[in-house]
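Comments concern the structure below.
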Amino acid sequence: MLRDFIKDSAIYTLSIVLSRGINIILVPIYTRVFSPADYGIIDIMAVVSNLVNLTIALEISQAVARFYAEMKAVEEKKDYVSTALWFTVIVNVIFVVVSQYYCNTVGPWVLGDSYNETLFRVAIFSMAANGIFYLFQNQLRWQLQSFHYAITSVITVLVSVSVTITLIFGVGLGLISVFYGQLVGYTVGAVFSYCFARESYGLIFNRVSLKKMLAFSIPLVPSSIGVFLAVYIDRIAIKELMTIADVGLYGIAYRISSLVGLIIAGVQSSLTPLIYNQYEEAGTPAEIARIFRYFLWGAFLFFLGLSLFARELLLIFTTPQFYGAYIIVPILVPAVLLAGMYVFAPGLAIAKRTKSIAVISISAAFLNTVLNFTLIPYLGIRGAAIATLVGAAMQFSLYVWLGNKYYPIPYDWKRYARALSVIIFLVIGGGFIAVSLWIGFLVKLLIWVTGLILVTWIIIDNAEINKMKKSILRKRDAKCVE
């Protein structure tokens with residue numbers, strides 16, 4: 001399992017690095033073309049898009065993931081996949097028609113004084129294209145086609161970015177260019193995803209199969225809404241209690257913090273289908289625990305690095321009006337990590353306890369919402385970040401506690417707590433550095449290297465370190481012989 005995980009996660013992570021790397025390159029362009037208020041509109045529409053994607057198709061893609069691995073016959077697999085596709089297309093078409101009709105009612109409520117009718121209508125089509133692309137691309141994951149998944153991710157981002165930049169600088173369309181770019185990118189990505197798995201689709205719509213999938217996935221909808229609120233209620237609360245420009249400032253900090261998602265996204269993409277295919281094997285729980293340990297090693301180092309160098313990253317990629325966002329990056333990085341770490345607690349999903357998953361997500365979302373509206377009036381965007389972190393920590397803790405009742409995994413929590421304590425101490429220490437830019441950079445680099453040594457010593461077993469050393473020495477000796 002570990003070998004398959006490393007291979008697949010490497011491919012997924014590479015595609016994510018390329019696609020998100022392109023988006024990071026866009027940050028200095030966008031921050032010079034768009035104001036914080038414009039960035040706030042982009043973020044608010046991203047919130048709406050994610051909500052639509054989670055609810056319109058009733059999370060049927062997750063049902064495909066759960067049932068696909070159990071199906072043995074090719075025709076049976078095709079039956080489920082095709083039914084899910086046509087259901088997704090139908091509900092998204094209905095969504096577009098209804099949303100276009102009520103556009104001028106919903107739009108002003110979402111964007112307030114920043115509402116632009118044409119922009120909102122284009123965004124609606126983009127959301128529907130995203131929903132269909134989401135199902136097509138996820139099917140590549142369920143079929144363990146990690147390479148094709150990576151190709152579609154990169155193509156989608158490249159097309160979207162190319163169209164956006166062309167419309168901004170070549171045509172002068174302004175902010176709406178972002179949504180035209182998304183629409184074209186998702187459409188092209190959906191076409192490529194379909195082509196890579198076209199043998200899985202047909203003119204099949206089986207009501208019995210649909211009923212089985214929806215019985216599994218519908219309880220996940222409130223769960224997904226809970227996850228959505230846990231992730232996005234901060235921006236909604238900031239918009240209501242502060243200004244849309246503050247949403248833009250918070251959004252920049254979140255984008256910097258989401259660089260840590262390069263680790264978690266690759267792990268999620270590769271680990272979930274592997275667990276569903278191998279969870280019945282005796283050695284799988286120990287392998288999951290081993291993978292988690294290596295994951296934490298990388299996650300802690302990313303957390304330390306982004307927290308230490310947040311200000312420098314903002315100085316490089318943004319303009320002065322965005323610099324103040326660095327203060328919340330050390331809070332948002334662990335929040336982003338915890339929000340995605342549920343993949344390491346698969347017990348509830350394996351046991352098909354989707355109602356329990358819904359309760360966890362809704363509870364975390366409720367706590368997050370209460371904390372956001374309580375803390376923001378006193379702490380501003382820092383209060384939103386703290387609320388997001390607490391909600392994510394609660395959600396992950398419940399996933400682990402309840403999931404282990406159905407599928408126990410031998411995690412060494414004391415070891416992880418020691419490593420986390422070291423990282424937090426170093427992050428706090430780095431926050432007190434107040435010297436010139438280059439001297440500060442060198443001091444922070446030294447702190448990061450110290451963290452690397454200490455975390456490796458705590459997280460990685462000596463036997464594993466010695467094994468790595470012997471492997472390196474063998475390769476070096478082999479090269480010398482040649």
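Identifiers for the structure tokens are assigned positionally: chains receive A, B, ... in sequence, residues are indexed from 1 per chain, and ligands are indexed from 1 in the order shown.
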Problem - Filtered DSSP result for range 238-338 of chain A, state alpha helix (DSSP H), as a ChimeraX atom specification - result: /A:238-241,244-257,261-278,284-308,310-317,329-338
Exercise for the section: Name the residues in contact with Leu398 in chain A at a cut-off of 7 Å, using only C-alpha atoms, excluding same-chain residues fewer than 4 positions from it; report them as an MDAnalysis selection string. Expected result: chainID A and resid 360 394 402
Exercise for the section: Would you mind listing what lies within 6 Å of Ser126 in chain A as a PyMOL selection string, with only C-alpha atoms counted and same-chain residues fewer than 3 positions away left out? Expected result: chain A and resi 123+129+183
Print the selection's residues with C-alpha atoms to a file, as a PDB file, in the first residue's frame.
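Okay, part_30.pdb is ready:
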```pdb
ATOM      1  CA  ALA A 123     -20.268  32.887 -12.856  1.00  0.00           C
ATOM      2  CA  ALA A 129     -19.252  23.552 -15.622  1.00  0.00           C
ATOM      3  CA  LEU A 183     -15.901  28.654 -17.498  1.00  0.00           C
TER       4      LEU A 183
END
```
Using 9 Å as the limit and counting only C-alpha atoms, can you tabulate each residue of range 145-212 of chain A that touches range 28-48 of chain A, with its shortest atom-to-atom distance in Å and the two atoms involved, as a tab-separated table?
```
residue	atom	partner	partner_atom	distance
A:Ile168	CA	A:Val33	CA	8.9
A:Gly174	CA	A:Val33	CA	8.3
A:Leu175	CA	A:Asp38	CA	7.1
A:Val178	CA	A:Ile42	CA	8.1
A:Phe179	CA	A:Ile42	CA	8.7
```
Handout entry: Option closest in space to Gly181 in chain A, from A:Ile132, A:Met127, A:Ile204, A:Ala299 [counting only C-alpha atoms]
Key = A:Met127
Problem - Shell of 8 Å around Ile218 in chain A, only C-alpha atoms, local chain residues under 6 positions omitted, as JSON, numbers by chain - result: {"A": [58, 59, 60]}
Given only C-alpha atoms, how would the per-residue table for range 111-193 of chain A near range 274-286 of chain A read, listing every residue at most 12 Å away with its closest atom pair and distance in Å to one decimal, sorted by chain and number, as a tab-separated table?
```
residue	atom	partner	partner_atom	distance
A:Arg141	CA	A:Leu274	CA	9.8
A:Trp142	CA	A:Leu274	CA	9.0
A:Gln143	CA	A:Leu274	CA	10.4
A:Leu144	CA	A:Leu274	CA	8.3
A:Gln145	CA	A:Leu274	CA	11.9
A:Ser146	CA	A:Leu274	CA	11.6
```
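Shell of range 289-296 of chain A at 7 Å, with only C-alpha atoms counted and residues fewer than 4 places along the chain excluded, is Pro285, Phe300, Phe344, Ile409, Pro410, Tyr411 and Ile459 of chain A.
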Just write the chosen residues, N, CA and C atoms, as an mmCIF file, in the first residue's frame.
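The resulting file, out.cif, is shown below:
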```
data_model
loop_
_atom_site.group_PDB
_atom_site.id
_atom_site.type_symbol
_atom_site.label_atom_id
_atom_site.label_comp_id
_atom_site.auth_asym_id
_atom_site.auth_seq_id
_atom_site.Cartn_x
_atom_site.Cartn_y
_atom_site.Cartn_z
ATOM 1 N N PRO A 285 -4.388 -0.965 8.481
ATOM 2 C CA PRO A 285 -4.367 0.059 9.546
ATOM 3 C C PRO A 285 -2.951 0.513 9.914
ATOM 4 N N PHE A 300 4.336 19.443 9.363
ATOM 5 C CA PHE A 300 4.926 20.294 10.395
ATOM 6 C C PHE A 300 5.977 21.229 9.799
ATOM 7 N N PHE A 344 -7.435 10.533 7.110
ATOM 8 C CA PHE A 344 -6.708 9.579 7.940
ATOM 9 C C PHE A 344 -7.586 8.952 9.028
ATOM 10 N N ILE A 409 -7.022 2.495 14.113
ATOM 11 C CA ILE A 409 -5.709 2.732 13.499
ATOM 12 C C ILE A 409 -4.730 3.107 14.623
ATOM 13 N N PRO A 410 -3.588 2.436 14.710
ATOM 14 C CA PRO A 410 -2.659 2.637 15.842
ATOM 15 C C PRO A 410 -1.792 3.892 15.718
ATOM 16 N N TYR A 411 -2.371 5.047 15.996
ATOM 17 C CA TYR A 411 -1.623 6.297 15.934
ATOM 18 C C TYR A 411 -0.853 6.543 17.238
ATOM 19 N N ILE A 459 9.825 12.335 14.904
ATOM 20 C CA ILE A 459 8.810 11.640 14.104
ATOM 21 C C ILE A 459 9.343 10.353 13.456
#
```
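Taking only C-alpha atoms into account, Ala393 in chain A lies nearest to A:Leu367 out of the set A:Leu367, A:Ile357, A:Val96, A:Leu119.
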Exercise for the section: Considering only C-alpha atoms, return as number ranges by chain whatever protein or nucleic-acid residues lie within 12 Å of Ile362 in chain A, sequence-local ones (same chain, fewer than 5 positions apart) excluded. Expected result: A: 219-231, 355-357, 367-369, 391-392, 394-395, 398
Practice task
Mind checking which residues fall within 9 Å of Gly189 in chain A, counting only C-alpha atoms, ignoring those fewer than 4 positions away in the same chain, and posting them as an MDAnalysis selection string?
Solution key: chainID A and resid 133 136:137 152:157 159 184:185 193:194
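Closest approach to Ile428 in chain A from the set A:Ile165, A:Val191, A:Val106, A:Leu308 is made by A:Leu308, with distances taken over only C-alpha atoms.
The coordinates place CA of Ser49 in chain A at 26.6 Å from CA of Pro330 in chain A.
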